[in-house]
file work.csv (CSV, C-alpha atoms and all ligand atoms)
chain,number,residue,atom,x,y,z
A,1,MET,CA,0.0,0.0,0.0
A,2,ALA,CA,1.1,3.6,-0.5
A,3,LYS,CA,2.8,5.3,2.4
A,4,LEU,CA,1.8,8.7,3.8
A,5,ILE,CA,5.1,10.2,4.9
A,6,ALA,CA,4.7,13.9,5.4
A,7,GLY,CA,2.5,17.0,5.8
A,8,LEU,CA,3.6,20.3,4.5
A,9,GLY,CA,2.0,23.7,4.8
A,10,THR,CA,2.8,27.0,3.1
A,11,SER,CA,1.2,30.4,2.4
A,12,HIS,CA,0.6,31.3,-1.2
A,13,ILE,CA,0.6,34.9,-2.5
A,14,PRO,CA,1.0,35.7,-6.2
A,15,ALA,CA,3.8,38.2,-5.5
A,16,ILE,CA,5.9,35.2,-4.3
A,17,GLY,CA,5.9,34.0,-7.9
A,18,GLY,CA,7.1,37.4,-9.0
A,19,ALA,CA,9.9,37.3,-6.4
A,20,ILE,CA,10.9,33.8,-7.7
A,21,HIS,CA,10.9,35.0,-11.3
A,22,LYS,CA,13.0,38.0,-10.4
A,23,GLY,CA,15.4,36.1,-8.2
A,24,LEU,CA,14.7,38.2,-5.1
A,25,GLN,CA,15.1,35.4,-2.5
A,26,GLN,CA,18.0,37.2,-0.8
A,27,ASP,CA,16.3,40.7,-0.9
A,28,PRO,CA,15.8,42.0,2.7
A,29,TYR,CA,12.0,42.1,2.2
A,30,TRP,CA,11.8,38.5,0.9
A,31,LYS,CA,14.7,36.7,2.7
A,32,PRO,CA,12.8,36.1,6.0
A,33,PHE,CA,10.1,34.3,4.1
A,34,PHE,CA,12.3,32.3,1.7
A,35,ASP,CA,14.7,31.3,4.5
A,36,GLY,CA,12.0,29.0,5.9
A,37,PHE,CA,12.4,26.6,3.0
A,38,PRO,CA,15.9,25.2,2.6
A,39,PRO,CA,15.8,22.9,5.7
A,40,ILE,CA,12.5,21.5,4.4
A,41,ARG,CA,13.8,21.1,0.9
A,42,GLN,CA,16.8,19.1,2.3
A,43,TRP,CA,14.5,16.9,4.3
A,44,LEU,CA,12.2,16.3,1.3
A,45,GLY,CA,15.4,15.4,-0.7
A,46,GLU,CA,15.9,12.6,1.8
A,47,GLN,CA,12.3,11.5,2.1
A,48,LYS,CA,11.7,11.5,-1.6
A,49,PRO,CA,7.9,11.7,-1.9
A,50,ASP,CA,6.6,10.5,-5.3
A,51,VAL,CA,3.1,12.1,-5.1
A,52,VAL,CA,1.5,15.1,-3.4
A,53,VAL,CA,-2.1,15.6,-2.5
A,54,MET,CA,-2.5,19.4,-2.5
A,55,PHE,CA,-5.3,21.0,-0.4
A,56,TYR,CA,-5.7,24.4,-1.8
A,57,ASN,CA,-8.4,27.0,-2.5
A,58,ASP,CA,-9.1,28.2,-6.0
A,59,HIS,CA,-9.5,32.0,-6.2
A,60,GLY,CA,-12.2,32.3,-8.9
A,61,LEU,CA,-10.0,30.9,-11.7
A,62,ASN,CA,-11.3,27.4,-12.4
A,63,PHE,CA,-14.5,27.8,-10.4
A,64,PHE,CA,-16.4,31.1,-10.4
A,65,LEU,CA,-19.4,32.3,-8.4
A,66,ASP,CA,-21.8,30.7,-11.0
A,67,LYS,CA,-20.5,27.2,-10.1
A,68,MET,CA,-18.8,26.8,-6.8
A,69,PRO,CA,-18.1,23.3,-5.4
A,70,THR,CA,-17.5,23.0,-1.7
A,71,PHE,CA,-15.0,20.2,-2.3
A,72,ALA,CA,-13.5,19.3,-5.7
A,73,VAL,CA,-10.9,16.6,-6.6
A,74,GLY,CA,-8.7,16.9,-9.7
A,75,ALA,CA,-8.5,13.8,-11.9
A,76,ALA,CA,-6.6,15.3,-14.8
A,77,PRO,CA,-3.4,13.9,-16.4
A,78,GLN,CA,-1.9,17.4,-16.3
A,79,TYR,CA,-2.7,20.7,-14.5
A,80,HIS,CA,-2.0,23.9,-16.4
A,81,ASN,CA,-1.3,27.2,-14.5
A,82,ALA,CA,-3.7,29.9,-15.6
A,83,ASP,CA,-3.0,32.5,-12.9
A,84,GLU,CA,-3.8,36.2,-13.1
A,85,GLY,CA,-0.5,37.0,-14.7
A,86,TRP,CA,1.7,38.7,-12.1
A,87,GLY,CA,3.3,35.6,-10.7
A,88,ILE,CA,5.7,33.2,-12.6
A,89,PRO,CA,5.1,34.1,-16.3
A,90,THR,CA,5.7,30.7,-17.8
A,91,LEU,CA,5.3,27.5,-15.9
A,92,SER,CA,5.2,24.0,-17.4
A,93,PRO,CA,2.1,22.0,-16.6
A,94,PHE,CA,2.3,19.8,-13.5
A,95,GLN,CA,1.7,16.0,-13.9
A,96,GLY,CA,-1.3,14.5,-12.3
A,97,GLU,CA,-1.6,11.0,-10.7
A,98,VAL,CA,-4.9,9.9,-12.1
A,99,GLY,CA,-4.9,6.5,-10.4
A,100,LEU,CA,-4.8,8.1,-7.0
A,101,SER,CA,-7.3,10.8,-8.0
A,102,TRP,CA,-9.9,8.2,-8.8
A,103,HIS,CA,-9.1,6.1,-5.7
A,104,LEU,CA,-9.6,9.3,-3.6
A,105,ILE,CA,-12.9,10.1,-5.4
A,106,ASP,CA,-14.2,6.6,-4.9
A,107,ALA,CA,-13.2,6.5,-1.2
A,108,LEU,CA,-14.6,10.0,-0.5
A,109,VAL,CA,-17.9,9.4,-2.1
A,110,GLU,CA,-18.1,6.0,-0.2
A,111,LYS,CA,-17.6,8.0,3.0
A,112,GLU,CA,-20.4,10.4,2.0
A,113,PHE,CA,-18.3,13.4,0.9
A,114,ASP,CA,-20.2,14.4,-2.2
A,115,ILE,CA,-17.3,15.9,-4.0
A,116,VAL,CA,-17.0,17.2,-7.6
A,117,SER,CA,-14.6,15.2,-9.8
A,118,CYS,CA,-12.7,17.3,-12.4
A,119,GLN,CA,-11.0,15.6,-15.4
A,120,GLU,CA,-10.0,19.1,-16.5
A,121,MET,CA,-8.9,21.6,-14.0
A,122,LEU,CA,-6.9,24.9,-14.4
A,123,VAL,CA,-4.9,25.8,-11.3
A,124,ASP,CA,-3.8,29.1,-9.9
A,125,HIS,CA,-1.0,30.4,-7.6
A,126,ALA,CA,-2.4,28.5,-4.6
A,127,CYS,CA,-1.7,25.1,-6.3
A,128,THR,CA,1.5,26.1,-8.3
A,129,LEU,CA,3.5,28.1,-5.7
A,130,PRO,CA,3.9,25.4,-3.0
A,131,LEU,CA,5.4,23.1,-5.7
A,132,LYS,CA,7.8,25.8,-6.8
A,133,LEU,CA,8.7,26.6,-3.2
A,134,PHE,CA,9.4,23.1,-2.1
A,135,TRP,CA,10.9,21.9,-5.4
A,136,PRO,CA,12.4,25.0,-6.9
A,137,ASP,CA,14.9,23.4,-9.3
A,138,GLY,CA,14.1,22.0,-12.7
A,139,ASP,CA,11.0,19.9,-13.4
A,140,CYS,CA,8.8,19.2,-10.5
A,141,PRO,CA,9.8,15.7,-9.2
A,142,VAL,CA,6.3,14.8,-7.8
A,143,THR,CA,2.9,14.2,-9.4
A,144,VAL,CA,-0.1,16.0,-8.0
A,145,VAL,CA,-3.7,15.4,-7.0
A,146,PRO,CA,-5.3,18.8,-6.2
A,147,VAL,CA,-8.1,18.9,-3.7
A,148,CYS,CA,-9.9,22.2,-3.8
A,149,ILE,CA,-11.8,23.6,-0.8
A,150,ASN,CA,-14.1,26.6,-1.3
A,151,THR,CA,-13.1,29.7,0.7
A,152,VAL,CA,-14.4,32.1,-1.9
A,153,GLN,CA,-18.2,32.1,-1.7
A,154,PHE,CA,-20.3,31.5,1.3
A,155,PRO,CA,-21.4,29.1,2.7
A,156,LEU,CA,-18.0,27.7,3.4
A,157,PRO,CA,-17.5,24.2,4.8
A,158,LYS,CA,-17.0,24.3,8.6
A,159,ALA,CA,-13.6,23.5,10.2
A,160,SER,CA,-14.7,20.2,11.6
A,161,ARG,CA,-16.0,19.0,8.2
A,162,VAL,CA,-12.7,20.0,6.5
A,163,TYR,CA,-10.8,18.2,9.2
A,164,ALA,CA,-12.9,15.1,8.6
A,165,LEU,CA,-12.4,15.4,4.8
A,166,GLY,CA,-8.6,15.5,5.5
A,167,LYS,CA,-8.9,12.4,7.6
A,168,ALA,CA,-10.8,10.6,4.9
A,169,VAL,CA,-8.2,11.6,2.3
A,170,GLY,CA,-5.4,10.3,4.6
A,171,GLN,CA,-7.2,7.0,5.0
A,172,ALA,CA,-7.7,6.7,1.3
A,173,ILE,CA,-4.0,7.4,0.5
A,174,GLN,CA,-3.1,4.6,2.8
A,175,SER,CA,-5.4,2.2,1.1
A,176,TRP,CA,-4.2,3.0,-2.4
A,177,ASP,CA,-2.7,-0.1,-4.0
A,178,SER,CA,0.7,1.4,-4.8
A,179,ASP,CA,4.2,1.5,-3.4
A,180,LYS,CA,4.5,5.2,-3.8
A,181,ARG,CA,5.4,7.7,-1.1
A,182,VAL,CA,2.8,10.4,-0.6
A,183,ALA,CA,3.0,13.8,1.1
A,184,VAL,CA,0.0,16.1,1.8
A,185,ILE,CA,0.3,19.8,1.3
A,186,ALA,CA,-1.7,22.7,2.7
A,187,SER,CA,-1.6,25.9,0.7
A,188,GLY,CA,-3.1,29.0,2.3
A,189,GLY,CA,-3.0,31.8,4.8
A,190,LEU,CA,-2.4,32.3,7.6
A,191,SER,CA,-4.2,35.3,8.9
A,192,HIS,CA,-5.0,37.9,6.2
A,193,GLN,CA,-7.6,40.2,4.8
A,194,LEU,CA,-7.2,41.7,1.4
A,195,ASP,CA,-10.1,44.1,1.3
A,196,GLY,CA,-12.8,46.0,3.3
A,197,GLU,CA,-12.4,48.0,6.5
A,198,ARG,CA,-10.0,45.5,8.0
A,199,ALA,CA,-7.7,45.2,4.9
A,200,GLY,CA,-4.2,44.3,6.2
A,201,PHE,CA,-5.6,42.6,9.4
A,202,ILE,CA,-3.2,40.1,10.8
A,203,ASN,CA,-3.5,38.1,14.1
A,204,LYS,CA,0.0,36.8,15.1
A,205,ALA,CA,-1.1,35.4,18.5
A,206,PHE,CA,-3.9,33.3,16.8
A,207,ASP,CA,-1.6,32.1,14.0
A,208,LEU,CA,1.1,30.9,16.4
A,209,LYS,CA,-1.4,29.1,18.6
A,210,PHE,CA,-2.9,27.5,15.5
A,211,ILE,CA,0.5,26.3,14.3
A,212,ASP,CA,1.2,24.8,17.7
A,213,SER,CA,-2.2,23.2,17.8
A,214,LEU,CA,-1.3,21.2,14.7
A,215,LEU,CA,1.3,19.4,16.7
A,216,SER,CA,-0.3,18.9,20.1
A,217,ASN,CA,-4.0,19.3,19.7
A,218,PRO,CA,-4.9,19.1,15.9
A,219,GLU,CA,-8.7,19.4,16.4
A,220,TRP,CA,-8.3,22.7,18.5
A,221,ALA,CA,-9.4,24.9,15.6
A,222,THR,CA,-12.5,22.8,14.8
A,223,GLN,CA,-14.2,24.5,17.8
A,224,PHE,CA,-14.6,27.7,15.8
A,225,SER,CA,-17.4,28.5,13.4
A,226,ILE,CA,-16.5,30.0,10.0
A,227,HIS,CA,-17.6,33.4,11.2
A,228,GLU,CA,-15.4,33.1,14.3
A,229,LEU,CA,-12.5,32.2,12.1
A,230,VAL,CA,-13.1,35.2,9.8
A,231,GLU,CA,-13.2,37.4,13.0
A,232,LYS,CA,-10.0,36.0,14.3
A,233,THR,CA,-8.0,35.6,11.0
A,234,GLY,CA,-9.5,37.9,8.4
A,235,THR,CA,-11.8,37.2,5.5
A,236,GLN,CA,-9.0,35.4,3.6
A,237,GLY,CA,-7.5,33.9,6.8
A,238,VAL,CA,-10.1,31.1,6.5
A,239,GLU,CA,-7.6,29.6,4.0
A,240,LEU,CA,-6.2,28.0,7.2
A,241,LEU,CA,-8.9,25.4,6.6
A,242,MET,CA,-6.3,23.9,4.2
A,243,TRP,CA,-3.9,23.3,7.1
A,244,LEU,CA,-6.6,21.6,9.0
A,245,ALA,CA,-7.3,19.2,6.1
A,246,MET,CA,-3.6,18.4,5.8
A,247,ARG,CA,-3.4,17.7,9.5
A,248,GLY,CA,-6.6,15.6,9.4
A,249,ALA,CA,-4.9,13.5,6.7
A,250,LEU,CA,-1.9,12.9,8.9
A,251,SER,CA,-4.0,11.8,11.9
A,252,ALA,CA,-5.3,9.0,9.7
A,253,ALA,CA,-1.6,7.8,9.5
A,254,GLY,CA,-0.9,7.7,13.2
A,255,PRO,CA,-1.5,9.3,16.5
A,256,LYS,CA,1.8,11.3,16.5
A,257,VAL,CA,3.6,13.7,14.2
A,258,SER,CA,6.8,15.6,14.7
A,259,ARG,CA,7.9,19.0,13.6
A,260,VAL,CA,10.7,18.9,11.0
A,261,HIS,CA,10.9,22.7,10.6
A,262,SER,CA,8.7,25.7,10.7
A,263,ASN,CA,8.9,29.4,10.0
A,264,TYR,CA,6.5,32.4,10.5
A,265,HIS,CA,7.0,35.9,9.1
A,266,ILE,CA,4.7,38.9,8.8
A,267,PRO,CA,3.8,40.4,6.5
A,268,ILE,CA,4.4,39.5,2.9
A,269,SER,CA,2.0,41.6,0.9
A,270,ASN,CA,-1.1,41.6,3.2
A,271,THR,CA,-0.5,38.1,4.6
A,272,ALA,CA,1.0,36.4,7.6
A,273,THR,CA,3.2,33.8,6.1
A,274,ALA,CA,4.1,30.4,7.5
A,275,VAL,CA,5.8,27.3,6.4
A,276,LEU,CA,5.7,23.9,8.2
A,277,ALA,CA,6.9,20.4,7.6
A,278,LEU,CA,5.5,17.6,9.8
A,279,ALA,CA,6.8,14.0,9.7
A,280,VAL,CA,4.5,11.0,10.4
A,281,ASP,CA,6.1,9.2,13.4
B,1,LIG,C1,-2.6,37.8,-1.2
B,1,LIG,C2,-2.9,36.7,-0.4
B,1,LIG,C3,-3.6,35.6,-0.9
B,1,LIG,O1,-3.9,34.5,-0.2
B,1,LIG,C4,-3.9,35.5,-2.3
B,1,LIG,O2,-4.6,34.4,-2.7
B,1,LIG,C5,-3.7,36.6,-3.1
B,1,LIG,C6,-3.0,37.7,-2.6
B,1,LIG,C7,-1.8,38.9,-0.7
B,1,LIG,O3,-1.5,39.0,0.5
B,1,LIG,O4,-1.4,39.8,-1.6
B,2,FE,FE,-5.2,33.1,-1.3

call {"tool": "encode", "arguments": {"input": "work.csv", "output": "structure tokens"}}
result
Amino acid sequence: MAKLIAGLGTSHIPAIGGAIHKGLQQDPYWKPFFDGFPPIRQWLGEQKPDVVVMFYNDHGLNFFLDKMPTFAVGAAPQYHNADEGWGIPTLSPFQGEVGLSWHLIDALVEKEFDIVSCQEMLVDHACTLPLKLFWPDGDCPVTVVPVCINTVQFPLPKASRVYALGKAVGQAIQSWDSDKRVAVIASGGLSHQLDGERAGFINKAFDLKFIDSLLSNPEWATQFSIHELVEKTGTQGVELLMWLAMRGALSAAGPKVSRVHSNYHIPISNTATAVLALAVD
């Protein structure tokens, strides 16, 4: 059976793509963010995952307000970047892992998650940037199954449901008939609000507590309603749901995880940024 080996989390912001494109990793503005990645890249180089399941939120690119699935799973052979245009200007398509996609879709529907299956799926910065941040050199060495969670149009799925989805994904990964090594990635947040009266809102105390909870008490954040999460983390801070899904997947693999490395830096653009790598013990 496949082996679930790691959980990764990172913020996504289109400007990160611009910084990668311009080679600004050592620039004083960007360095505290990019410095979080080398220890994790080195560890991934030893762990050698073959496949990643990416929990991310589309931003109105593949799904718009007219058709907005709560949960959608990619089952495409390739995923093309079609972001707004101010990130990485040219990006080769990422390779899918169609066998795992359909295994996840079967397992999730069996567990009563009525997800949308997508044999075609354009992806934006939320799906592409984590792959460029964790594997910056050359062709991406992992295949991808994107799992998209709605954070754009209300009603959003509540935290406990997202955690349960993650758990079901983790169980399905481990029942996939394959000898591949799988990592799960969360792409989003942490606290941020891009518009309205509270534009620029960041909540460092909550973010740090949330990151700690992922180690010691992974269901801590499921006590909060979506409106409470918006209040505490900003309208776009609800992207932290991705991190809960990632952690839910790991809890399907075992009772304990350990922190490989983490970093927190505020702000990049309007966002509190974090990166985290968890190993399944
Ligand atoms: C920013 C943050 C996001 O999560 C996003 O999707 C787009 C932009 C920002 O802080 O600029
Ligand atoms: Fe976002």

call {"tool": "closest_residue", "arguments": {"input": "work.csv", "among": "A:Asp177, A:Glu219, A:Glu231, A:Glu46", "to": "Ala164 of chain A", "atoms": "all atoms listed in the file"}}
result
A:Glu219

call {"tool": "closest_residue", "arguments": {"input": "work.csv", "among": "A:Arg259, A:His192, A:Arg161, A:Lys3", "to": "ligand LIG 1 (chain B)", "atoms": "only C-alpha atoms and all ligand atoms"}}
result
A:His192

call {"tool": "closest_residue", "arguments": {"input": "work.csv", "among": "A:Ala279, A:Leu129, A:Ile40, A:Val147", "to": "ligand FE 2 (chain B)", "atoms": "all atoms listed in the file"}}
result
A:Leu129

call {"tool": "closest_residue", "arguments": {"input": "work.csv", "among": "A:Ile16, A:Val144, A:Val52, A:Ala252", "to": "ligand LIG 1 (chain B)", "atoms": "only C-alpha atoms and all ligand atoms"}}
result
A:Ile16

call {"tool": "residues_around", "arguments": {"input": "work.csv", "residues": "Leu8 of chain A", "least_positions_apart": "6", "cutoff": "8 Å", "atoms": "all atoms listed in the file", "output": "list in words"}}
result
Ala183, Val184, Ile185, Ala186, Met246, Val275, Leu276, Ala277 and Leu278 of chain A

call {"tool": "closest_atom_pairs", "arguments": {"input": "work.csv", "of": "chain A", "to": "ligand LIG 1 (chain B)", "cutoff": "9 Å", "atoms": "only C-alpha atoms and all ligand atoms", "output": "CSV"}}
result
residue,atom,partner,partner_atom,distance
A:Ser11,CA,B:LIG1,O1,7.0
A:His12,CA,B:LIG1,O1,5.6
A:Ile13,CA,B:LIG1,C2,4.5
A:Pro14,CA,B:LIG1,C5,5.7
A:Ala15,CA,B:LIG1,O4,6.7
A:Asn57,CA,B:LIG1,O2,8.3
A:Asp58,CA,B:LIG1,O2,8.3
A:His59,CA,B:LIG1,O2,6.5
A:Asp124,CA,B:LIG1,O2,9.0
A:His125,CA,B:LIG1,O2,7.3
A:Ala126,CA,B:LIG1,O2,6.6
A:Ser187,CA,B:LIG1,O1,8.9
A:Gly188,CA,B:LIG1,O1,6.1
A:Gly189,CA,B:LIG1,O1,5.8
A:Leu190,CA,B:LIG1,O1,8.2
A:His192,CA,B:LIG1,O3,6.8
A:Gln193,CA,B:LIG1,O3,7.6
A:Leu194,CA,B:LIG1,O3,6.4
A:Gly200,CA,B:LIG1,O3,8.2
A:Gln236,CA,B:LIG1,O1,6.4
A:Gly237,CA,B:LIG1,O1,7.9
A:Glu239,CA,B:LIG1,O1,7.4
A:Pro267,CA,B:LIG1,O3,8.1
A:Ile268,CA,B:LIG1,O3,6.4
A:Ser269,CA,B:LIG1,O3,4.4
A:Asn270,CA,B:LIG1,O3,3.8
A:Thr271,CA,B:LIG1,O3,4.3
A:Ala272,CA,B:LIG1,O3,8.0
A:Thr273,CA,B:LIG1,O3,9.0

call {"tool": "closest_residue", "arguments": {"input": "work.csv", "among": "A:Leu44, A:Cys127, A:Leu4, A:Ala221", "to": "ligand FE 2 (chain B)", "atoms": "only C-alpha atoms and all ligand atoms"}}
result
A:Cys127

call {"tool": "atom_distance", "arguments": {"input": "work.csv", "atom1": "atom CA of Ser225 of chain A", "atom2": "atom CA of Cys118 of chain A"}}
result
28.5 Å

call {"tool": "axis_aligned_box", "arguments": {"input": "work.csv", "around": "segment 235-240 of chain A", "padding_each_side": "3 Å", "output": "JSON"}}
result
{"center_x": -9.0, "center_y": 32.6, "center_z": 5.4, "size_x": 11.6, "size_y": 15.2, "size_z": 9.6}

call {"tool": "residues_near_point", "arguments": {"input": "work.csv", "point": "(6.6, 23.1, -21.2)", "cutoff": "12 Å", "atoms": "only C-alpha atoms", "output": "ChimeraX atom specification"}}
result
/A:78-81,90-95,138-140

call {"tool": "atom_distance", "arguments": {"input": "work.csv", "atom1": "atom CA of Ser258 of chain A", "atom2": "atom CA of Asp137 of chain A"}}
result
26.5 Å

call {"tool": "residues_around", "arguments": {"input": "work.csv", "residues": "Ser191 of chain A", "least_positions_apart": "3", "cutoff": "8 Å", "atoms": "only C-alpha atoms", "output": "number ranges by chain"}}
result
A: 201-204, 207, 232-234, 236-238, 240, 271-272

call {"tool": "closest_residue", "arguments": {"input": "work.csv", "among": "A:Tyr163, A:Phe206, A:Trp102, A:Phe134", "to": "Gln119 of chain A", "atoms": "only C-alpha atoms"}}
result
A:Trp102

call {"tool": "atom_distance", "arguments": {"input": "work.csv", "atom1": "atom CA of Gln174 of chain A", "atom2": "atom CA of Asp106 of chain A"}}
result
13.7 Å

call {"tool": "residues_near_point", "arguments": {"input": "work.csv", "point": "(0.8, 8.2, 9.9)", "cutoff": "10 Å", "atoms": "only C-alpha atoms", "output": "PDB file with C-alpha atoms, in the coordinates of the input"}}
result
ATOM      1  CA  LYS A   3       2.800   5.300   2.400  1.00  0.00           C
ATOM      2  CA  LEU A   4       1.800   8.700   3.800  1.00  0.00           C
ATOM      3  CA  ILE A   5       5.100  10.200   4.900  1.00  0.00           C
ATOM      4  CA  ALA A   6       4.700  13.900   5.400  1.00  0.00           C
ATOM      5  CA  GLY A   7       2.500  17.000   5.800  1.00  0.00           C
ATOM      6  CA  GLY A 170      -5.400  10.300   4.600  1.00  0.00           C
ATOM      7  CA  GLN A 171      -7.200   7.000   5.000  1.00  0.00           C
ATOM      8  CA  GLN A 174      -3.100   4.600   2.800  1.00  0.00           C
ATOM      9  CA  ALA A 249      -4.900  13.500   6.700  1.00  0.00           C
ATOM     10  CA  LEU A 250      -1.900  12.900   8.900  1.00  0.00           C
ATOM     11  CA  SER A 251      -4.000  11.800  11.900  1.00  0.00           C
ATOM     12  CA  ALA A 252      -5.300   9.000   9.700  1.00  0.00           C
ATOM     13  CA  ALA A 253      -1.600   7.800   9.500  1.00  0.00           C
ATOM     14  CA  GLY A 254      -0.900   7.700  13.200  1.00  0.00           C
ATOM     15  CA  PRO A 255      -1.500   9.300  16.500  1.00  0.00           C
ATOM     16  CA  LYS A 256       1.800  11.300  16.500  1.00  0.00           C
ATOM     17  CA  VAL A 257       3.600  13.700  14.200  1.00  0.00           C
ATOM     18  CA  ALA A 279       6.800  14.000   9.700  1.00  0.00           C
ATOM     19  CA  VAL A 280       4.500  11.000  10.400  1.00  0.00           C
ATOM     20  CA  ASP A 281       6.100   9.200  13.400  1.00  0.00           C
TER      21      ASP A 281
END

call {"tool": "residues_around", "arguments": {"input": "work.csv", "residues": "Phe224 of chain A", "least_positions_apart": "5", "cutoff": "9 Å", "atoms": "all atoms listed in the file", "output": "number ranges by chain"}}
result
A: 158-160, 229

call {"tool": "residues_around", "arguments": {"input": "work.csv", "residues": "Asp179 of chain A", "least_positions_apart": "3", "cutoff": "12 Å", "atoms": "all atoms listed in the file", "output": "list in words"}}
result
Met1, Ala2, Lys3, Leu4, Pro49, Asp50, Val51, Leu100, Ile173, Gln174, Ser175, Trp176 and Val182 of chain A

call {"tool": "residues_around", "arguments": {"input": "work.csv", "residues": "Ser101 of chain A", "least_positions_apart": "3", "cutoff": "8 Å", "atoms": "all atoms listed in the file", "output": "ChimeraX atom specification"}}
result
/A:73-75,97-98,104-105,145

call {"tool": "decode", "arguments": {"input": "work.csv", "residues": "segment 137-152 of chain A", "atoms": "N, CA, C and O atoms", "output": "PDB file, in the first residue's frame"}}
result
ATOM      1  N   ASP A 137      13.964  23.606  -8.217  1.00  0.00           N
ATOM      2  CA  ASP A 137      14.897  23.403  -9.330  1.00  0.00           C
ATOM      3  C   ASP A 137      14.350  22.450 -10.377  1.00  0.00           C
ATOM      4  O   ASP A 137      13.934  21.337 -10.050  1.00  0.00           O
ATOM      5  N   GLY A 138      14.393  22.874 -11.611  1.00  0.00           N
ATOM      6  CA  GLY A 138      14.060  21.991 -12.731  1.00  0.00           C
ATOM      7  C   GLY A 138      12.608  21.557 -12.713  1.00  0.00           C
ATOM      8  O   GLY A 138      11.736  22.214 -12.150  1.00  0.00           O
ATOM      9  N   ASP A 139      12.396  20.391 -13.365  1.00  0.00           N
ATOM     10  CA  ASP A 139      11.024  19.872 -13.440  1.00  0.00           C
ATOM     11  C   ASP A 139      10.579  19.397 -12.060  1.00  0.00           C
ATOM     12  O   ASP A 139      11.370  18.855 -11.290  1.00  0.00           O
ATOM     13  N   CYS A 140       9.307  19.576 -11.783  1.00  0.00           N
ATOM     14  CA  CYS A 140       8.756  19.153 -10.484  1.00  0.00           C
ATOM     15  C   CYS A 140       8.887  17.623 -10.365  1.00  0.00           C
ATOM     16  O   CYS A 140       8.403  16.891 -11.232  1.00  0.00           O
ATOM     17  N   PRO A 141       9.524  17.116  -9.295  1.00  0.00           N
ATOM     18  CA  PRO A 141       9.752  15.666  -9.205  1.00  0.00           C
ATOM     19  C   PRO A 141       8.562  14.866  -8.684  1.00  0.00           C
ATOM     20  O   PRO A 141       8.643  13.651  -8.598  1.00  0.00           O
ATOM     21  N   VAL A 142       7.480  15.540  -8.309  1.00  0.00           N
ATOM     22  CA  VAL A 142       6.318  14.814  -7.777  1.00  0.00           C
ATOM     23  C   VAL A 142       5.120  14.995  -8.710  1.00  0.00           C
ATOM     24  O   VAL A 142       5.017  15.998  -9.418  1.00  0.00           O
ATOM     25  N   THR A 143       4.240  14.004  -8.696  1.00  0.00           N
ATOM     26  CA  THR A 143       2.947  14.159  -9.363  1.00  0.00           C
ATOM     27  C   THR A 143       1.952  14.717  -8.337  1.00  0.00           C
ATOM     28  O   THR A 143       2.213  14.693  -7.138  1.00  0.00           O
ATOM     29  N   VAL A 144       0.817  15.204  -8.852  1.00  0.00           N
ATOM     30  CA  VAL A 144      -0.074  15.987  -7.993  1.00  0.00           C
ATOM     31  C   VAL A 144      -1.531  15.535  -8.111  1.00  0.00           C
ATOM     32  O   VAL A 144      -2.000  15.249  -9.214  1.00  0.00           O
ATOM     33  N   VAL A 145      -2.207  15.507  -6.972  1.00  0.00           N
ATOM     34  CA  VAL A 145      -3.674  15.421  -6.963  1.00  0.00           C
ATOM     35  C   VAL A 145      -4.191  16.651  -6.216  1.00  0.00           C
ATOM     36  O   VAL A 145      -4.040  16.746  -4.990  1.00  0.00           O
ATOM     37  N   PRO A 146      -4.767  17.620  -6.922  1.00  0.00           N
ATOM     38  CA  PRO A 146      -5.297  18.808  -6.234  1.00  0.00           C
ATOM     39  C   PRO A 146      -6.663  18.526  -5.612  1.00  0.00           C
ATOM     40  O   PRO A 146      -7.523  17.923  -6.248  1.00  0.00           O
ATOM     41  N   VAL A 147      -6.811  18.957  -4.376  1.00  0.00           N
ATOM     42  CA  VAL A 147      -8.114  18.884  -3.695  1.00  0.00           C
ATOM     43  C   VAL A 147      -8.491  20.312  -3.326  1.00  0.00           C
ATOM     44  O   VAL A 147      -7.822  20.956  -2.515  1.00  0.00           O
ATOM     45  N   CYS A 148      -9.545  20.806  -3.968  1.00  0.00           N
ATOM     46  CA  CYS A 148      -9.898  22.214  -3.842  1.00  0.00           C
ATOM     47  C   CYS A 148     -11.027  22.378  -2.824  1.00  0.00           C
ATOM     48  O   CYS A 148     -12.032  21.676  -2.874  1.00  0.00           O
ATOM     49  N   ILE A 149     -10.839  23.311  -1.901  1.00  0.00           N
ATOM     50  CA  ILE A 149     -11.828  23.574  -0.847  1.00  0.00           C
ATOM     51  C   ILE A 149     -12.298  25.020  -0.990  1.00  0.00           C
ATOM     52  O   ILE A 149     -11.475  25.940  -1.055  1.00  0.00           O
ATOM     53  N   ASN A 150     -13.606  25.215  -1.039  1.00  0.00           N
ATOM     54  CA  ASN A 150     -14.150  26.557  -1.259  1.00  0.00           C
ATOM     55  C   ASN A 150     -13.881  27.486  -0.073  1.00  0.00           C
ATOM     56  O   ASN A 150     -14.351  27.230   1.042  1.00  0.00           O
ATOM     57  N   THR A 151     -13.161  28.579  -0.331  1.00  0.00           N
ATOM     58  CA  THR A 151     -13.073  29.654   0.672  1.00  0.00           C
ATOM     59  C   THR A 151     -13.508  30.984   0.052  1.00  0.00           C
ATOM     60  O   THR A 151     -13.248  32.048   0.603  1.00  0.00           O
ATOM     61  N   VAL A 152     -14.150  30.908  -1.122  1.00  0.00           N
ATOM     62  CA  VAL A 152     -14.450  32.123  -1.878  1.00  0.00           C
ATOM     63  C   VAL A 152     -15.884  32.590  -1.672  1.00  0.00           C
ATOM     64  O   VAL A 152     -16.144  33.758  -1.442  1.00  0.00           O
TER      65      VAL A 152
END
